[in-house]
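Dropping data18.cif in here (mmCIF, C-alpha atoms and all ligand atoms; chains and numbers go by the auth columns):
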```cif
data_query
loop_
_atom_site.group_PDB
_atom_site.id
_atom_site.type_symbol
_atom_site.label_atom_id
_atom_site.label_comp_id
_atom_site.label_asym_id
_atom_site.label_seq_id
_atom_site.Cartn_x
_atom_site.Cartn_y
_atom_site.Cartn_z
_atom_site.B_iso_or_equiv
_atom_site.auth_seq_id
_atom_site.auth_asym_id
ATOM 1 C CA MET A 1 -20.827 -7.164 -4.089 0.00 928 A
ATOM 2 C CA THR A 2 -18.552 -10.158 -3.629 0.00 929 A
ATOM 3 C CA GLU A 3 -15.216 -10.335 -5.404 0.00 930 A
ATOM 4 C CA THR A 4 -16.479 -12.965 -7.864 0.00 931 A
ATOM 5 C CA ARG A 5 -19.394 -10.736 -8.878 0.00 932 A
ATOM 6 C CA ARG A 6 -16.992 -7.888 -9.514 0.00 933 A
ATOM 7 C CA ARG A 7 -15.951 -7.732 -13.151 0.00 934 A
ATOM 8 C CA TRP A 8 -12.427 -6.299 -13.003 0.00 935 A
ATOM 9 C CA ASP A 9 -10.493 -6.131 -9.734 0.00 936 A
ATOM 10 C CA PRO A 10 -8.329 -3.098 -8.819 0.00 937 A
ATOM 11 C CA VAL A 11 -5.044 -4.776 -9.855 0.00 938 A
ATOM 12 C CA VAL A 12 -6.368 -5.484 -13.357 0.00 939 A
ATOM 13 C CA ARG A 13 -7.746 -1.962 -13.718 0.00 940 A
ATOM 14 C CA ILE A 14 -4.696 -0.124 -12.382 0.00 941 A
ATOM 15 C CA VAL A 15 -2.359 -2.265 -14.504 0.00 942 A
ATOM 16 C CA HIS A 16 -4.524 -1.740 -17.598 0.00 943 A
ATOM 17 C CA TRP A 17 -4.666 2.054 -17.461 0.00 944 A
ATOM 18 C CA SER A 18 -1.023 2.408 -16.403 0.00 945 A
ATOM 19 C CA VAL A 19 0.148 0.130 -19.223 0.00 946 A
ATOM 20 C CA ALA A 20 -2.105 1.936 -21.713 0.00 947 A
ATOM 21 C CA ALA A 21 -0.786 5.381 -20.690 0.00 948 A
ATOM 22 C CA MET A 22 2.859 4.314 -20.752 0.00 949 A
ATOM 23 C CA VAL A 23 2.619 2.445 -24.048 0.00 950 A
ATOM 24 C CA LEU A 24 1.005 5.483 -25.671 0.00 951 A
ATOM 25 C CA VAL A 25 3.769 7.732 -24.301 0.00 952 A
ATOM 26 C CA ASN A 26 6.460 5.377 -25.640 0.00 953 A
ATOM 27 C CA LEU A 27 4.732 5.016 -28.997 0.00 954 A
ATOM 28 C CA PHE A 28 3.987 8.648 -29.705 0.00 955 A
ATOM 29 C CA VAL A 29 5.381 11.135 -27.208 0.00 956 A
ATOM 30 C CA ASN A 30 8.908 10.810 -25.893 0.00 957 A
ATOM 31 C CA ASP A 31 12.284 10.544 -27.559 0.00 958 A
ATOM 32 C CA PRO A 32 12.983 6.839 -28.246 0.00 959 A
ATOM 33 C CA GLU A 33 16.705 7.364 -27.728 0.00 960 A
ATOM 34 C CA GLY A 34 16.240 8.878 -24.252 0.00 961 A
ATOM 35 C CA SER A 35 16.374 7.177 -20.872 0.00 962 A
ATOM 36 C CA ALA A 36 12.673 7.920 -20.144 0.00 963 A
ATOM 37 C CA HIS A 37 11.816 5.647 -23.089 0.00 964 A
ATOM 38 C CA GLU A 38 13.977 2.875 -21.649 0.00 965 A
ATOM 39 C CA TRP A 39 12.581 3.093 -18.103 0.00 966 A
ATOM 40 C CA ILE A 40 8.965 3.391 -19.192 0.00 967 A
ATOM 41 C CA GLY A 41 9.538 0.250 -21.290 0.00 968 A
ATOM 42 C CA TYR A 42 10.844 -1.661 -18.254 0.00 969 A
ATOM 43 C CA ILE A 43 7.936 -0.470 -16.094 0.00 970 A
ATOM 44 C CA VAL A 44 5.472 -1.673 -18.769 0.00 971 A
ATOM 45 C CA ALA A 45 7.114 -5.116 -18.815 0.00 972 A
ATOM 46 C CA SER A 46 7.053 -5.289 -14.999 0.00 973 A
ATOM 47 C CA LEU A 47 3.366 -4.344 -14.912 0.00 974 A
ATOM 48 C CA VAL A 48 2.492 -7.009 -17.494 0.00 975 A
ATOM 49 C CA ALA A 49 4.501 -9.557 -15.453 0.00 976 A
ATOM 50 C CA LEU A 50 2.627 -8.466 -12.313 0.00 977 A
ATOM 51 C CA ARG A 51 -0.690 -8.895 -14.138 0.00 978 A
ATOM 52 C CA LEU A 52 0.252 -12.417 -15.283 0.00 979 A
ATOM 53 C CA LEU A 53 1.431 -13.463 -11.791 0.00 980 A
ATOM 54 C CA TRP A 54 -1.706 -11.981 -10.243 0.00 981 A
ATOM 55 C CA GLY A 55 -3.828 -13.751 -12.880 0.00 982 A
ATOM 56 C CA MET A 56 -2.219 -17.088 -11.946 0.00 983 A
ATOM 57 C CA SER A 57 -2.455 -16.653 -8.171 0.00 984 A
ATOM 58 C CA PHE A 58 -4.750 -14.519 -6.042 0.00 985 A
ATOM 59 C CA ALA A 59 -7.038 -13.159 -8.772 0.00 986 A
ATOM 60 C CA ARG A 60 -10.649 -14.338 -8.521 0.00 987 A
ATOM 61 C CA GLY A 61 -13.400 -15.012 -11.072 0.00 988 A
ATOM 62 C CA PRO A 62 -12.965 -13.386 -14.483 0.00 989 A
ATOM 63 C CA ASN A 63 -9.647 -11.841 -13.465 0.00 990 A
ATOM 64 C CA HIS A 64 -7.966 -15.243 -13.188 0.00 991 A
ATOM 65 C CA LEU A 65 -6.092 -16.395 -16.309 0.00 992 A
ATOM 66 C CA ARG A 66 -7.837 -19.763 -16.323 0.00 993 A
ATOM 67 C CA ASP A 67 -11.012 -17.849 -17.073 0.00 994 A
ATOM 68 C CA PHE A 68 -9.714 -16.591 -20.389 0.00 995 A
ATOM 69 C CA LEU A 69 -7.407 -19.088 -21.983 0.00 996 A
ATOM 70 C CA PRO A 70 -8.166 -18.827 -25.716 0.00 997 A
ATOM 71 C CA ARG A 71 -10.249 -21.829 -26.795 0.00 998 A
ATOM 72 C CA ARG A 72 -11.539 -22.410 -30.301 0.00 999 A
ATOM 73 C CA SER A 73 -14.975 -23.537 -29.097 0.00 1000 A
ATOM 74 C CA GLY A 74 -15.311 -20.439 -26.900 0.00 1001 A
ATOM 75 C CA ILE A 75 -14.407 -18.153 -29.770 0.00 1002 A
ATOM 76 C CA ALA A 76 -16.963 -19.721 -32.144 0.00 1003 A
ATOM 77 C CA ALA A 77 -19.677 -19.551 -29.469 0.00 1004 A
ATOM 78 C CA HIS A 78 -18.812 -15.940 -28.752 0.00 1005 A
ATOM 79 C CA ILE A 79 -19.025 -14.853 -32.398 0.00 1006 A
ATOM 80 C CA ALA A 80 -22.511 -16.364 -32.467 0.00 1007 A
ATOM 81 C CA GLU A 81 -23.366 -14.467 -29.249 0.00 1008 A
ATOM 82 C CA ILE A 82 -22.256 -11.114 -30.645 0.00 1009 A
ATOM 83 C CA LYS A 83 -24.281 -11.715 -33.813 0.00 1010 A
ATOM 84 C CA GLN A 84 -27.328 -12.082 -31.574 0.00 1011 A
ATOM 85 C CA GLY A 85 -26.409 -8.948 -29.634 0.00 1012 A
ATOM 86 C CA GLN A 86 -25.545 -10.850 -26.446 0.00 1013 A
ATOM 87 C CA TYR A 87 -22.466 -10.523 -24.265 0.00 1014 A
ATOM 88 C CA PRO A 88 -21.207 -12.589 -21.304 0.00 1015 A
ATOM 89 C CA GLN A 89 -21.711 -10.700 -18.037 0.00 1016 A
ATOM 90 C CA LEU A 90 -18.295 -11.430 -16.569 0.00 1017 A
ATOM 91 C CA GLY A 91 -14.862 -11.983 -18.007 0.00 1018 A
ATOM 92 C CA HIS A 92 -13.123 -11.205 -21.262 0.00 1019 A
ATOM 93 C CA ASN A 93 -14.803 -12.009 -24.498 0.00 1020 A
ATOM 94 C CA PRO A 94 -13.154 -15.147 -25.914 0.00 1021 A
ATOM 95 C CA LEU A 95 -12.185 -13.384 -29.150 0.00 1022 A
ATOM 96 C CA GLY A 96 -10.625 -10.510 -27.231 0.00 1023 A
ATOM 97 C CA THR A 97 -8.455 -12.942 -25.261 0.00 1024 A
ATOM 98 C CA LEU A 98 -6.461 -13.637 -28.429 0.00 1025 A
ATOM 99 C CA ALA A 99 -5.790 -9.926 -28.843 0.00 1026 A
ATOM 100 C CA ILE A 100 -4.889 -9.590 -25.164 0.00 1027 A
ATOM 101 C CA TYR A 101 -2.311 -12.392 -25.222 0.00 1028 A
ATOM 102 C CA THR A 102 -0.876 -11.016 -28.484 0.00 1029 A
ATOM 103 C CA MET A 103 -0.518 -7.559 -26.922 0.00 1030 A
ATOM 104 C CA TRP A 104 1.174 -8.949 -23.795 0.00 1031 A
ATOM 105 C CA ILE A 105 3.642 -10.985 -25.872 0.00 1032 A
ATOM 106 C CA CYS A 106 4.313 -8.011 -28.142 0.00 1033 A
ATOM 107 C CA LEU A 107 5.017 -5.761 -25.129 0.00 1034 A
ATOM 108 C CA PHE A 108 7.513 -8.256 -23.706 0.00 1035 A
ATOM 109 C CA LEU A 109 9.267 -8.610 -27.058 0.00 1036 A
ATOM 110 C CA LEU A 110 9.363 -4.817 -27.427 0.00 1037 A
ATOM 111 C CA THR A 111 11.094 -4.445 -24.073 0.00 1038 A
ATOM 112 C CA PHE A 112 13.417 -7.342 -24.781 0.00 1039 A
ATOM 113 C CA SER A 113 14.423 -6.025 -28.216 0.00 1040 A
ATOM 114 C CA GLY A 114 14.742 -2.481 -26.788 0.00 1041 A
ATOM 115 C CA TRP A 115 17.003 -3.747 -24.009 0.00 1042 A
ATOM 116 C CA GLY A 116 19.055 -5.668 -26.601 0.00 1043 A
ATOM 117 C CA LEU A 117 19.486 -2.480 -28.642 0.00 1044 A
ATOM 118 C CA TYR A 118 21.312 -0.902 -25.722 0.00 1045 A
ATOM 119 C CA TYR A 119 23.122 -3.816 -24.184 0.00 1046 A
ATOM 120 C CA THR A 120 24.036 -6.265 -26.962 0.00 1047 A
ATOM 121 C CA ASP A 121 25.905 -6.039 -30.279 0.00 1048 A
ATOM 122 C CA TRP A 122 22.893 -7.138 -32.333 0.00 1049 A
ATOM 123 C CA ASP A 123 21.865 -3.582 -33.170 0.00 1050 A
ATOM 124 C CA GLU A 124 20.774 -4.122 -36.720 0.00 1051 A
ATOM 125 C CA PRO A 125 18.338 -7.047 -36.431 0.00 1052 A
ATOM 126 C CA LEU A 126 17.021 -5.771 -33.086 0.00 1053 A
ATOM 127 C CA GLU A 127 16.388 -2.306 -34.495 0.00 1054 A
ATOM 128 C CA VAL A 128 14.292 -3.797 -37.277 0.00 1055 A
ATOM 129 C CA LEU A 129 12.484 -6.088 -34.817 0.00 1056 A
ATOM 130 C CA HIS A 130 11.823 -3.223 -32.386 0.00 1057 A
ATOM 131 C CA GLU A 131 10.429 -1.017 -35.149 0.00 1058 A
ATOM 132 C CA VAL A 132 8.241 -3.765 -36.616 0.00 1059 A
ATOM 133 C CA LEU A 133 6.892 -4.603 -33.145 0.00 1060 A
ATOM 134 C CA ALA A 134 6.271 -0.925 -32.374 0.00 1061 A
ATOM 135 C CA HIS A 135 4.248 -0.562 -35.575 0.00 1062 A
ATOM 136 C CA ALA A 136 2.389 -3.813 -34.880 0.00 1063 A
ATOM 137 C CA MET A 137 1.592 -2.497 -31.402 0.00 1064 A
ATOM 138 C CA GLN A 138 0.191 0.743 -32.853 0.00 1065 A
ATOM 139 C CA LEU A 139 -2.084 -1.295 -35.084 0.00 1066 A
ATOM 140 C CA MET A 140 -3.170 -3.591 -32.244 0.00 1067 A
ATOM 141 C CA VAL A 141 -3.987 -0.673 -29.948 0.00 1068 A
ATOM 142 C CA LEU A 142 -6.055 0.916 -32.710 0.00 1069 A
ATOM 143 C CA LEU A 143 -7.915 -2.354 -33.370 0.00 1070 A
ATOM 144 C CA HIS A 144 -8.368 -2.905 -29.610 0.00 1071 A
ATOM 145 C CA ILE A 145 -10.024 0.492 -29.164 0.00 1072 A
ATOM 146 C CA ILE A 146 -12.196 0.040 -32.285 0.00 1073 A
ATOM 147 C CA ALA A 147 -13.204 -3.465 -31.082 0.00 1074 A
ATOM 148 C CA VAL A 148 -14.132 -2.214 -27.596 0.00 1075 A
ATOM 149 C CA LEU A 149 -16.232 0.621 -29.059 0.00 1076 A
ATOM 150 C CA TRP A 150 -17.790 -1.572 -31.736 0.00 1077 A
ATOM 151 C CA VAL A 151 -18.751 -4.404 -29.354 0.00 1078 A
ATOM 152 C CA SER A 152 -20.062 -1.847 -26.810 0.00 1079 A
ATOM 153 C CA ARG A 153 -22.356 -0.443 -29.499 0.00 1080 A
ATOM 154 C CA LYS A 154 -23.387 -3.803 -30.831 0.00 1081 A
ATOM 155 C CA VAL A 155 -24.397 -5.273 -27.453 0.00 1082 A
ATOM 156 C CA ARG A 156 -25.566 -1.902 -26.035 0.00 1083 A
ATOM 157 C CA HIS A 157 -23.327 -2.165 -22.948 0.00 1084 A
ATOM 158 C CA ASN A 158 -20.492 0.218 -22.199 0.00 1085 A
ATOM 159 C CA LEU A 159 -17.473 -2.122 -21.827 0.00 1086 A
ATOM 160 C CA ILE A 160 -15.173 0.766 -20.849 0.00 1087 A
ATOM 161 C CA LYS A 161 -17.061 1.588 -17.621 0.00 1088 A
ATOM 162 C CA PRO A 162 -16.286 -1.754 -15.893 0.00 1089 A
ATOM 163 C CA MET A 163 -12.599 -1.242 -16.723 0.00 1090 A
ATOM 164 C CA ILE A 164 -12.866 2.068 -14.808 0.00 1091 A
ATOM 165 C CA ASP A 165 -15.161 1.285 -11.859 0.00 1092 A
ATOM 166 C CA GLY A 166 -14.811 -2.518 -11.734 0.00 1093 A
ATOM 167 C CA LYS A 167 -18.555 -3.149 -11.661 0.00 1094 A
ATOM 168 C CA PRO A 168 -20.258 -5.773 -13.878 0.00 1095 A
ATOM 169 C CA LEU A 169 -22.028 -4.642 -17.045 0.00 1096 A
ATOM 170 C CA ASN A 170 -25.470 -3.136 -16.519 0.00 1097 A
HETATM 171 C C1 LIG B . -1.875 1.343 -25.362 0.00 1101 B
HETATM 172 C C2 LIG B . -3.119 1.220 -25.082 0.00 1101 B
HETATM 173 C C3 LIG B . -3.788 -0.038 -24.588 0.00 1101 B
HETATM 174 C C4 LIG B . -3.304 -1.281 -24.343 0.00 1101 B
HETATM 175 C C5 LIG B . -1.882 -1.804 -24.554 0.00 1101 B
HETATM 176 C C6 LIG B . -4.410 -2.083 -23.846 0.00 1101 B
HETATM 177 C C7 LIG B . -4.325 -3.405 -23.486 0.00 1101 B
HETATM 178 C C8 LIG B . -5.341 -4.145 -22.900 0.00 1101 B
HETATM 179 C C9 LIG B . -5.186 -5.435 -22.304 0.00 1101 B
HETATM 180 C C10 LIG B . -3.865 -6.217 -22.257 0.00 1101 B
HETATM 181 C C11 LIG B . -6.393 -5.808 -21.819 0.00 1101 B
HETATM 182 C C12 LIG B . -6.690 -7.060 -20.995 0.00 1101 B
HETATM 183 C C13 LIG B . -6.747 -6.605 -19.547 0.00 1101 B
HETATM 184 C C14 LIG B . -6.445 -7.680 -18.518 0.00 1101 B
HETATM 185 O O1 LIG B . -7.129 -8.708 -18.441 0.00 1101 B
HETATM 186 O O2 LIG B . -5.500 -7.501 -17.726 0.00 1101 B
HETATM 187 C C15 LIG B . -7.334 -4.772 -22.127 0.00 1101 B
HETATM 188 C C16 LIG B . -8.680 -4.787 -21.820 0.00 1101 B
HETATM 189 C C17 LIG B . -9.536 -3.734 -22.058 0.00 1101 B
HETATM 190 N N1 LIG B . -9.200 -2.494 -22.576 0.00 1101 B
HETATM 191 FE FE1 LIG B . -7.376 -1.914 -23.191 0.00 1101 B
HETATM 192 N N2 LIG B . -5.544 -1.303 -23.800 0.00 1101 B
HETATM 193 C C18 LIG B . -5.196 -0.043 -24.235 0.00 1101 B
HETATM 194 C C19 LIG B . -6.013 1.051 -24.333 0.00 1101 B
HETATM 195 C C20 LIG B . -7.354 1.033 -24.084 0.00 1101 B
HETATM 196 C C21 LIG B . -8.234 2.166 -24.257 0.00 1101 B
HETATM 197 C C22 LIG B . -7.802 3.564 -24.737 0.00 1101 B
HETATM 198 C C23 LIG B . -9.483 1.747 -23.914 0.00 1101 B
HETATM 199 C C24 LIG B . -10.769 2.521 -23.951 0.00 1101 B
HETATM 200 C C25 LIG B . -11.280 2.952 -25.050 0.00 1101 B
HETATM 201 C C26 LIG B . -9.384 0.359 -23.506 0.00 1101 B
HETATM 202 C C27 LIG B . -10.421 -0.408 -23.065 0.00 1101 B
HETATM 203 C C28 LIG B . -10.333 -1.701 -22.622 0.00 1101 B
HETATM 204 C C29 LIG B . -11.458 -2.483 -22.130 0.00 1101 B
HETATM 205 C C30 LIG B . -12.897 -1.995 -22.038 0.00 1101 B
HETATM 206 C C31 LIG B . -10.964 -3.755 -21.796 0.00 1101 B
HETATM 207 C C32 LIG B . -11.800 -4.944 -21.279 0.00 1101 B
HETATM 208 C C33 LIG B . -12.381 -5.622 -22.496 0.00 1101 B
HETATM 209 C C34 LIG B . -13.399 -6.693 -22.151 0.00 1101 B
HETATM 210 O O3 LIG B . -14.470 -6.333 -21.631 0.00 1101 B
HETATM 211 O O4 LIG B . -13.092 -7.889 -22.391 0.00 1101 B
HETATM 212 N N3 LIG B . -8.076 -0.053 -23.629 0.00 1101 B
HETATM 213 N N4 LIG B . -6.673 -3.753 -22.774 0.00 1101 B
HETATM 214 C C1 LIG B . 6.425 -0.514 -24.213 0.00 1102 B
HETATM 215 C C2 LIG B . 7.624 -0.674 -24.680 0.00 1102 B
HETATM 216 C C3 LIG B . 8.197 0.090 -25.863 0.00 1102 B
HETATM 217 C C4 LIG B . 7.557 0.703 -26.909 0.00 1102 B
HETATM 218 C C5 LIG B . 6.077 0.797 -27.184 0.00 1102 B
HETATM 219 C C6 LIG B . 8.590 1.252 -27.764 0.00 1102 B
HETATM 220 C C7 LIG B . 8.345 1.965 -28.942 0.00 1102 B
HETATM 221 C C8 LIG B . 9.327 2.490 -29.757 0.00 1102 B
HETATM 222 C C9 LIG B . 9.103 3.252 -30.968 0.00 1102 B
HETATM 223 C C10 LIG B . 7.717 3.614 -31.527 0.00 1102 B
HETATM 224 C C11 LIG B . 10.309 3.574 -31.485 0.00 1102 B
HETATM 225 C C12 LIG B . 10.585 4.377 -32.776 0.00 1102 B
HETATM 226 C C13 LIG B . 10.721 3.373 -33.905 0.00 1102 B
HETATM 227 C C14 LIG B . 10.900 4.057 -35.236 0.00 1102 B
HETATM 228 O O1 LIG B . 11.956 4.641 -35.445 0.00 1102 B
HETATM 229 O O2 LIG B . 9.966 3.968 -36.070 0.00 1102 B
HETATM 230 C C15 LIG B . 11.324 3.028 -30.618 0.00 1102 B
HETATM 231 C C16 LIG B . 12.688 3.151 -30.819 0.00 1102 B
HETATM 232 C C17 LIG B . 13.646 2.785 -29.903 0.00 1102 B
HETATM 233 N N1 LIG B . 13.422 2.139 -28.690 0.00 1102 B
HETATM 234 FE FE1 LIG B . 11.655 1.537 -27.976 0.00 1102 B
HETATM 235 N N2 LIG B . 9.821 0.967 -27.227 0.00 1102 B
HETATM 236 C C18 LIG B . 9.616 0.270 -26.055 0.00 1102 B
HETATM 237 C C19 LIG B . 10.577 -0.180 -25.174 0.00 1102 B
HETATM 238 C C20 LIG B . 11.945 0.092 -25.284 0.00 1102 B
HETATM 239 C C21 LIG B . 12.946 -0.262 -24.304 0.00 1102 B
HETATM 240 C C22 LIG B . 12.662 -0.966 -22.969 0.00 1102 B
HETATM 241 C C23 LIG B . 14.144 0.187 -24.786 0.00 1102 B
HETATM 242 C C24 LIG B . 15.516 0.102 -24.197 0.00 1102 B
HETATM 243 C C25 LIG B . 15.850 -0.556 -23.139 0.00 1102 B
HETATM 244 C C26 LIG B . 13.896 0.799 -26.066 0.00 1102 B
HETATM 245 C C27 LIG B . 14.858 1.352 -26.868 0.00 1102 B
HETATM 246 C C28 LIG B . 14.652 1.955 -28.076 0.00 1102 B
HETATM 247 C C29 LIG B . 15.700 2.531 -28.911 0.00 1102 B
HETATM 248 C C30 LIG B . 17.201 2.554 -28.601 0.00 1102 B
HETATM 249 C C31 LIG B . 15.075 3.030 -30.056 0.00 1102 B
HETATM 250 C C32 LIG B . 15.715 3.761 -31.234 0.00 1102 B
HETATM 251 C C33 LIG B . 15.927 2.736 -32.329 0.00 1102 B
HETATM 252 C C34 LIG B . 16.429 3.364 -33.573 0.00 1102 B
HETATM 253 O O3 LIG B . 17.638 3.489 -33.669 0.00 1102 B
HETATM 254 O O4 LIG B . 15.592 3.726 -34.413 0.00 1102 B
HETATM 255 N N3 LIG B . 12.544 0.724 -26.349 0.00 1102 B
HETATM 256 N N4 LIG B . 10.704 2.371 -29.567 0.00 1102 B
#
```
Just give me the structure as structure tokens.
Amino acid sequence: MTETRRRWDPVVRIVHWSVAAMVLVNLFVNDPEGSAHEWIGYIVASLVALRLLWGMSFARGPNHLRDFLPRRSGIAAHIAEIKQGQYPQLGHNPLGTLAIYTMWICLFLLTFSGWGLYYTDWDEPLEVLHEVLAHAMQLMVLLHIIAVLWVSRKVRHNLIKPMIDGKPLN
């Protein structure tokens, strides 16, 4: 299988599952006042930055960012595809790209506001921002998982498997 036939390359997959695990830990498990919370937050931001740099440079095919810039025409066409039970073989679904960019931005803002809570005097507004973003992130993760499961059912392809083994949908 050539790299362009591969659906998700190892960088995308490792970053995805590491980010997912760490975000869940920061959202639900550890003490937000502790240093583990701070460092996990920085690692998440670094991984997202790595993903974006990778997506603008060496990534091939559907892993490259140019392959999933949100476009209105793509989104409309994709909604029509899902209604007919079809799904593109490679790449992100054009509707999902909106959610992906929103999650990346939200993760950066979470880290930035978290950092500001410790190292600036703007505690009050940043605390509110950090909490609002954390709740928004919880909602987005929930919607993301529901969307992946729902689309998988609708188009009768398991979308989670390619994010684990990298192979195209079968
Ligand atoms: C905190 C938890 C999570 C976050 C922040 C998250 C975030 C993301 C992001 C940013 C992407 C785009 C990947 C990229 O191009 O680099 C993505 C894709 C994906 N995620 Fe997650 N994810 C989370 C949890 C999960 C879970 C639990 C599942 C499995 C049920 C999952 C399944 C997938 C799949 C299948 C894709 C590819 C979707 C497609 O085919 O277009 N994610 N996720
Ligand atoms: C993936 C990134 C992050 C996530 C998902 C996250 C999530 C959360 C959540 C869920 C809370 C509890 C909010 C509440 O009280 O309802 C919280 C609080 C907090 N976080 Fe984060 N956080 C992240 C990154 C960071 C970073 C990088 C720092 C510091 C450098 C930080 C510092 C704090 C602090 C100080 C609080 C306590 C705020 C308070 O006084 O209530 N966070 N965070």
Restrict the calculation to all atoms listed in the file, then for each residue of stretch 929-1044 of chain A with any atom at most 9 Å from an atom of stretch 1051-1060 of chain A give the closest atom pair and their distance in Å to one decimal, rows by chain and rising residue number, as a Markdown table.
```
| residue | atom | partner | partner_atom | distance |
| --- | --- | --- | --- | --- |
| A:Cys1033 | CA | A:Leu1060 | CA | 6.6 |
| A:Leu1034 | CA | A:Leu1060 | CA | 8.3 |
| A:Leu1036 | CA | A:Leu1060 | CA | 7.7 |
| A:Leu1037 | CA | A:His1057 | CA | 5.8 |
| A:Thr1038 | CA | A:His1057 | CA | 8.4 |
| A:Phe1039 | CA | A:His1057 | CA | 8.8 |
| A:Ser1040 | CA | A:Leu1053 | CA | 5.5 |
| A:Gly1041 | CA | A:His1057 | CA | 6.4 |
| A:Gly1043 | CA | A:Leu1053 | CA | 6.8 |
| A:Leu1044 | CA | A:Leu1053 | CA | 6.1 |
```
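Closest to A:Gly1093 among A:Asn990, A:Ile1072, A:Gly968, A:Thr1047 is A:Asn990, based on all atoms listed in the file.
Across the structure, atom CA of A:Arg978 and atom O1 of ligand LIG 1101 (chain B) are spaced 7.7 Å apart.
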Subject >> Neighbour list for stretch 1084-1090 of chain A as a list in words, cut-off 9 Å, all atoms listed in the file, skip fewer than 5 positions in-chain >> reply: Arg933, Arg934, Trp935, Asp936, Val939, Arg940, His943, Trp944, Tyr1014, Val1075, Leu1076, Val1078, Ser1079, Pro1095, Leu1096 and Asn1097 of chain A
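Listed by chain and then by number, the residues chosen by the PyMOL selection byres (((chain A and resi 997) around 8) and not hetatm) in this file are Phe995, Leu996, Arg998, Arg999, Gly1001, Ile1002, Pro1021, Leu1022, Thr1024 and Leu1025 of chain A.
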Subject >> Counting all atoms listed in the file, the residue of A:Leu980, A:Ala1003, A:Ile970, A:Val1068 that sits nearest ligand LIG 1101 (chain B) >> reply: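 Smallest distance to ligand LIG 1101 (chain B) is found for A:Val1068.
The space separating atom C32 of ligand LIG 1102 (chain B) from atom CA of A:Thr1029 comes to 22.4 Å.
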Original post:
Rounded to one decimal in Å, what is the spacing between atom C26 of ligand LIG 1101 (chain B) and atom CA of A:Leu1066?
Top reply: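 Atom-to-atom, atom C26 of ligand LIG 1101 (chain B) to atom CA of A:Leu1066, that is 13.8 Å.
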**OP:** Would you translate the PyMOL selection byres (((chain A and resi 947) around 12) and not hetatm) into the concrete set of residues it matches in this file, as a PyMOL selection string?
**Re:** chain A and resi 939-946+948-954+967-968+970-972+974-975+1030-1031+1034+1064-1065+1067-1069+1071-1072
Box for ligand LIG 1102 (chain B) - axis-aligned, 5 Å on each of the six sides, all listed atoms - centre and size in Å to one decimal, as JSON.
```
{"center_x": 11.9, "center_y": 1.8, "center_z": -29.5, "size_x": 21.6, "size_y": 15.6, "size_z": 23.1}
```
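With distances taken over all atoms listed in the file, A:Val1082 is the one residue among A:Leu977, A:Ala1074, A:Val938, A:Val1082 lying closest to A:Gly1012.
Minimum atom-to-atom distance to ligand LIG 1101 (chain B), evaluated using only C-alpha atoms and all ligand atoms, belongs to A:Ala1026 out of A:Ala1026, A:Asp1048, A:Ala1063, A:Arg1083.
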Subject >> Matched chain/residue IDs from the PyMOL selection byres (((chain A and resi 987) around 10) and not hetatm), as a PyMOL selection string >> reply: chain A and resi 930-936+981-986+988-994
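Between ligand LIG 1101 (chain B) and the candidates A:His1019, A:Ala1004, A:Trp1077, A:Trp1049, the tightest atom-to-atom separation, counting all atoms listed in the file, involves A:His1019.
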Original post:
For ligand LIG 1102 (chain B), which residue among A:Tyr1028, A:Phe1035, A:Trp1042, A:Phe955 is the nearest when counting only C-alpha atoms and all ligand atoms?
Top reply: A:Trp1042
Would you mind writing stretch 950-959 of chain A with N, CA and C atoms, as a compact mmCIF listing (two decimals), in the coordinates of the input?
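The file below, part_1.txt, is the result:
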```
# COMPACT_ATOMS: atom_id res chain seq x y z
N VAL A 950 2.39 2.91 -22.67
CA VAL A 950 2.62 2.44 -24.05
C VAL A 950 2.36 3.60 -25.02
N LEU A 951 1.30 4.36 -24.77
CA LEU A 951 1.00 5.48 -25.67
C LEU A 951 2.13 6.52 -25.62
N VAL A 952 2.65 6.78 -24.42
CA VAL A 952 3.77 7.73 -24.30
C VAL A 952 4.97 7.21 -25.09
N ASN A 953 5.29 5.93 -24.93
CA ASN A 953 6.46 5.38 -25.64
C ASN A 953 6.24 5.30 -27.15
N LEU A 954 4.99 5.12 -27.56
CA LEU A 954 4.73 5.02 -29.00
C LEU A 954 4.76 6.38 -29.68
N PHE A 955 4.23 7.40 -28.98
CA PHE A 955 3.99 8.65 -29.70
C PHE A 955 4.64 9.89 -29.11
N VAL A 956 5.01 9.87 -27.82
CA VAL A 956 5.38 11.14 -27.21
C VAL A 956 6.88 11.34 -27.03
N ASN A 957 7.54 10.46 -26.28
CA ASN A 957 8.91 10.81 -25.89
C ASN A 957 9.96 10.39 -26.91
N ASP A 958 11.17 10.82 -26.66
CA ASP A 958 12.28 10.54 -27.56
C ASP A 958 12.75 9.09 -27.36
N PRO A 959 12.65 8.26 -28.41
CA PRO A 959 12.98 6.84 -28.25
C PRO A 959 14.43 6.59 -27.85
```
